[in-house]
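In what follows, a structure is listed as structure tokens, so that the remarks can point back to it.
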Amino acid sequence: MSTTKESLFSKKNMKLIKDPLNDSNPVSIQVLGICSALAITIMLENAFVMSMSVLFVLIAANVVVSSIRNLIPDKIRIIVQLVIVATLVITVDLVLKAFVYEVSKQLSVFVGLIITNCIIMGRLEAFALANKPGPAFLDAIGNAFGYTWILLVVGFIREIFGSGSIWGVKIVPDSLLIENGGFYEHNGLMLLSPIALFLVASIIWVQRSKNRKLIEAN
Amino acid sequence: MKFLERLVDKMEPNFEKGGKYEKWFPLFDGFATFLFTPKHTTKKGVHIRDAVDLKRTMNTVIQALIPCLLFGIWNTGFQHYSALGLLEEFGFLDQVLFGAIKVLPIVIVSYAVGLGVEFGFCIAKGHPIEEGFLVSGMLIPLIVPADTPLWMVAVATIFAVVFVKEVFGGTGMNILNPALTARAFLYFAYPKQLSGDKAWVNTELPDGYVQTESGKVLNELGQAVGQFDAMAGATQLSRFNASIGIYKEQGIDAGIAALDGAHSLLDSFLGLIPGSIGETSVVAILIGAGLLLHTGVASWKIMASGIFGAVFMTIIFNTAGMNPYMTVGPLEHLTAGGFMFGIVFMATDPVSAAQTEVGKVIYGFFIGLMTIMIRVFNPAYPEGIMLAILFMNVMSPLIDHYVVQGNIKDRLQRAKLHSLTH
């Protein structure tokens, strides 16, 4: 091991943040956490609150697991990770209920289901268990924001075409609707979960046509 | 002709490799081969000479659709004026004119948008232009209500062409029927415009006419010439469906009596009922079916087993007879809604249907069976054919897989027996 202490923001460490945003994005490249991306992206606000919850849980879990990584017996590591994640998720759930009750009601079970979010378990297994807390912290930030931007893009498209608003603010005036003598109609498909699959697929499409290295040979 | 040929020949160098408009070669090639037989021939390998190519096949289907289109145009006008009770004021020509004004723009939008997207993809990928969309572009207008706003048709067409065709590799590679996908998109995206009793018949009054509160329609001179028919917009299937509501409120007898409110079997057969533009007339569809079967473009196995599946399911329901809808007979089911149109023109799409001969029979049978099941069991989806075909489109590779595996197993068995006996 080198004796010189590596700076937290060295080039190698910054890659931990940058990569998950693009070329190893947890949602669009590794196809993890799809479930929540489908379920809670009807409104931008929900997507944002969900992303922030995942951000908090992922950072805390990654740092905690990484700092006790040498104490965790290998055989029961999954249970230990689950206990840590579950504790954090319950904390998040209670905070959401206390401060943003309406959003928490709409997110319903999906906050609790962060426990089973593959991104979190994936990062704990793949990164936190083998790295120091510093890089684990950066890795968590990178992956959480990788998740966040996908959710926000999907949430934005679904909200503006599905309900004609952004963050709950009406953009498409009601007078344009057919029932009020206009010509426009909100797209009901945008309110159904399957459309999120199409939108995520489109993001994947754009990403792969930009970076051809991502296309698997078959 | 000579002039065109010379023009094409003169333009060709510009589009070839290294030419000024190299990028646009697929577009040029598409038009040139549309006008003239392509000059290039197969260079190597064994090949079969046959007059039937993709273009001819597609053309046959379009010709088969023409009776439906023409009938649909007239029926749109007929339903419109009959809902207002103005059939005597506006004769046959007025009805055709009204229908043409409603229907032709949808056809144009569907073709323009769909071909635009296809050309765009072909140029971007450098593929030659295929004729695949010619049929889809005609099918889409025929399976939407005449009043569908044009921009919705455009959005649905783009969605269908991009997501079920181009991402899978264009013509011949789609896993679902593109036209039905467009319809499903419209159905889920804009349910208010595409379903319910208001969607099917246009009830805007002609210029100068007014409607009184009691529903009388007055002409420019204030004479009562027509009577607005509030029930006119209800399709055959929604009339069947209504019987379930009445049954739940007033008992089985009232429910069965409510079925009398449905259109007569003859009207339903001839197509004098509200519905999507091309789907109403079984007569027009049968003319098309005759052409498809005569030329061998569509598979009779799919059609026959589809109809058999529907009849089979109807008979089971008739025997059970647990609610009024279950007592609706097989002929009524076959002539109602889009069943015939779907089974003749959509289910037989050679790309998305099952490919093996046994597979075709299974595929068709389940389409018929599921159509009736969805109709009767799920009041949220009055017409089941769309979802049934899309579902079986997804299942058809699986069906083919098991048919092929079964065949391999049979032949191995036979080979074994053969070697034992000798």
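Simple scheme: letters A, B, ... for chains in structure tokens order, numbers from 1 for residues in each chain, numbers from 1 for ligands in the order shown.
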Q.
I need the contact residues of chain B against chain A, so if you could list those with any atom within 10 Å, counting only C-alpha atoms, and return them as a list of chain:residue names, that would help.
A. B:Pro149, B:Leu150, B:Trp151, B:Met152, B:Phe163, B:Val167, B:Ala184, B:Phe185, B:Leu186, B:Tyr187, B:Phe188, B:Ala189, B:Tyr190, B:Pro191, B:Lys192, B:Gln193
**Q.** Non-local contacts of Glu332 of chain B (10 Å; only C-alpha atoms; under 3 positions in same chain excluded) as a PyMOL selection string
**A.** chain B and resi 236-237+240+262-266+268-269+314+328-329+335-337
Q) Got a sec to tell me which of segment 98-325 of chain B DSSP assigns to alpha helix (DSSP H), as a PyMOL selection string? A) chain B and resi 98-125+133-142+150-160+178-189+191-194+236-250+252-258+265-270+282-295+300-320
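For Val57 of chain A, the residues within 10 Å (counting only C-alpha atoms, excluding itself and residues fewer than 3 positions away along the chain) are A:Ser51, A:Met52, A:Ser53, A:Val54, A:Ala60, A:Ala61, A:Asn62, A:Val63, A:Ile84, A:Val85, A:Ala86, A:Thr87, A:Leu88, A:Val89, A:Ile90, A:Thr91, A:Val92, A:Ile114, A:Ile115, A:Ile120, A:Ala140, A:Ala144.
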Export of prior selection with N, CA and C atoms as a JSON list (two decimals), in the first residue's frame:
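That gives us selection.json:
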```json
[["chain", "number", "residue", "atom", "x", "y", "z"],
["A", 51, "SER", "N", -36.25, 10.26, -4.53],
["A", 51, "SER", "CA", -34.82, 10.28, -4.82],
["A", 51, "SER", "C", -34.03, 10.71, -3.59],
["A", 52, "MET", "N", -34.55, 11.74, -2.91],
["A", 52, "MET", "CA", -33.84, 12.25, -1.74],
["A", 52, "MET", "C", -33.81, 11.20, -0.63],
["A", 53, "SER", "N", -34.91, 10.44, -0.52],
["A", 53, "SER", "CA", -34.94, 9.37, 0.49],
["A", 53, "SER", "C", -33.86, 8.33, 0.17],
["A", 54, "VAL", "N", -33.81, 7.96, -1.12],
["A", 54, "VAL", "CA", -32.81, 6.96, -1.51],
["A", 54, "VAL", "C", -31.41, 7.53, -1.30],
["A", 60, "ALA", "N", -25.94, 6.96, 3.98],
["A", 60, "ALA", "CA", -25.77, 6.52, 5.35],
["A", 60, "ALA", "C", -25.40, 5.04, 5.40],
["A", 61, "ALA", "N", -26.11, 4.23, 4.64],
["A", 61, "ALA", "CA", -25.85, 2.79, 4.68],
["A", 61, "ALA", "C", -24.44, 2.48, 4.18],
["A", 62, "ASN", "N", -24.07, 3.13, 3.07],
["A", 62, "ASN", "CA", -22.74, 2.88, 2.51],
["A", 62, "ASN", "C", -21.64, 3.22, 3.51],
["A", 63, "VAL", "N", -21.78, 4.40, 4.15],
["A", 63, "VAL", "CA", -20.75, 4.84, 5.08],
["A", 63, "VAL", "C", -20.71, 3.92, 6.29],
["A", 84, "ILE", "N", -29.27, -2.54, 9.00],
["A", 84, "ILE", "CA", -28.86, -1.14, 8.88],
["A", 84, "ILE", "C", -29.79, -0.38, 7.93],
["A", 85, "VAL", "N", -30.04, -0.97, 6.74],
["A", 85, "VAL", "CA", -30.88, -0.30, 5.75],
["A", 85, "VAL", "C", -32.30, -0.11, 6.30],
["A", 86, "ALA", "N", -32.81, -1.16, 6.95],
["A", 86, "ALA", "CA", -34.17, -1.08, 7.46],
["A", 86, "ALA", "C", -34.30, 0.03, 8.50],
["A", 87, "THR", "N", -33.31, 0.15, 9.37],
["A", 87, "THR", "CA", -33.34, 1.21, 10.36],
["A", 87, "THR", "C", -33.42, 2.57, 9.68],
["A", 88, "LEU", "N", -32.58, 2.75, 8.67],
["A", 88, "LEU", "CA", -32.55, 4.03, 7.97],
["A", 88, "LEU", "C", -33.86, 4.30, 7.25],
["A", 89, "VAL", "N", -34.41, 3.27, 6.65],
["A", 89, "VAL", "CA", -35.64, 3.45, 5.88],
["A", 89, "VAL", "C", -36.79, 3.84, 6.80],
["A", 90, "ILE", "N", -36.84, 3.20, 7.97],
["A", 90, "ILE", "CA", -37.92, 3.55, 8.91],
["A", 90, "ILE", "C", -37.76, 5.00, 9.36],
["A", 91, "THR", "N", -36.52, 5.40, 9.58],
["A", 91, "THR", "CA", -36.28, 6.79, 9.94],
["A", 91, "THR", "C", -36.82, 7.72, 8.85],
["A", 92, "VAL", "N", -36.46, 7.42, 7.60],
["A", 92, "VAL", "CA", -36.91, 8.25, 6.48],
["A", 92, "VAL", "C", -38.43, 8.28, 6.43],
["A", 114, "ILE", "N", -37.82, 0.75, -0.17],
["A", 114, "ILE", "CA", -36.43, 1.14, -0.42],
["A", 114, "ILE", "C", -35.51, 0.06, 0.14],
["A", 115, "ILE", "N", -35.97, -0.62, 1.20],
["A", 115, "ILE", "CA", -35.17, -1.69, 1.80],
["A", 115, "ILE", "C", -34.74, -2.70, 0.75],
["A", 120, "ILE", "N", -29.35, -0.13, -3.53],
["A", 120, "ILE", "CA", -28.74, -0.02, -2.21],
["A", 120, "ILE", "C", -28.00, -1.31, -1.85],
["A", 140, "ALA", "N", -21.75, 6.40, -3.03],
["A", 140, "ALA", "CA", -23.18, 6.51, -2.72],
["A", 140, "ALA", "C", -23.76, 7.75, -3.37],
["A", 144, "ALA", "N", -26.66, 7.56, -6.12],
["A", 144, "ALA", "CA", -27.95, 8.15, -5.77],
["A", 144, "ALA", "C", -28.33, 9.22, -6.78]]
```
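Going from atom CA of Gly33 of chain A to atom CA of Tyr147 of chain A covers 8.0 Å.
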Q. Between atom CA of Leu32 of chain A and atom CA of Ile119 of chain A, what is the spacing in Å?
A. 5.8 Å
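Residue neighbourhood of segment 9-22 of chain A, excluding near-sequence residues (fewer than 5 positions): Val27, Ser28, Ile29, Gln30, Gly134, Pro135, Ala136, Phe137, Leu138, Asp139, Ala140, Ile141, Gly142, Asn143, Ala144, Phe145, Gly146, Tyr147, Thr148, Trp149, Ile150, Gln207 and Asn211 of chain A, at 10 Å, using only C-alpha atoms.
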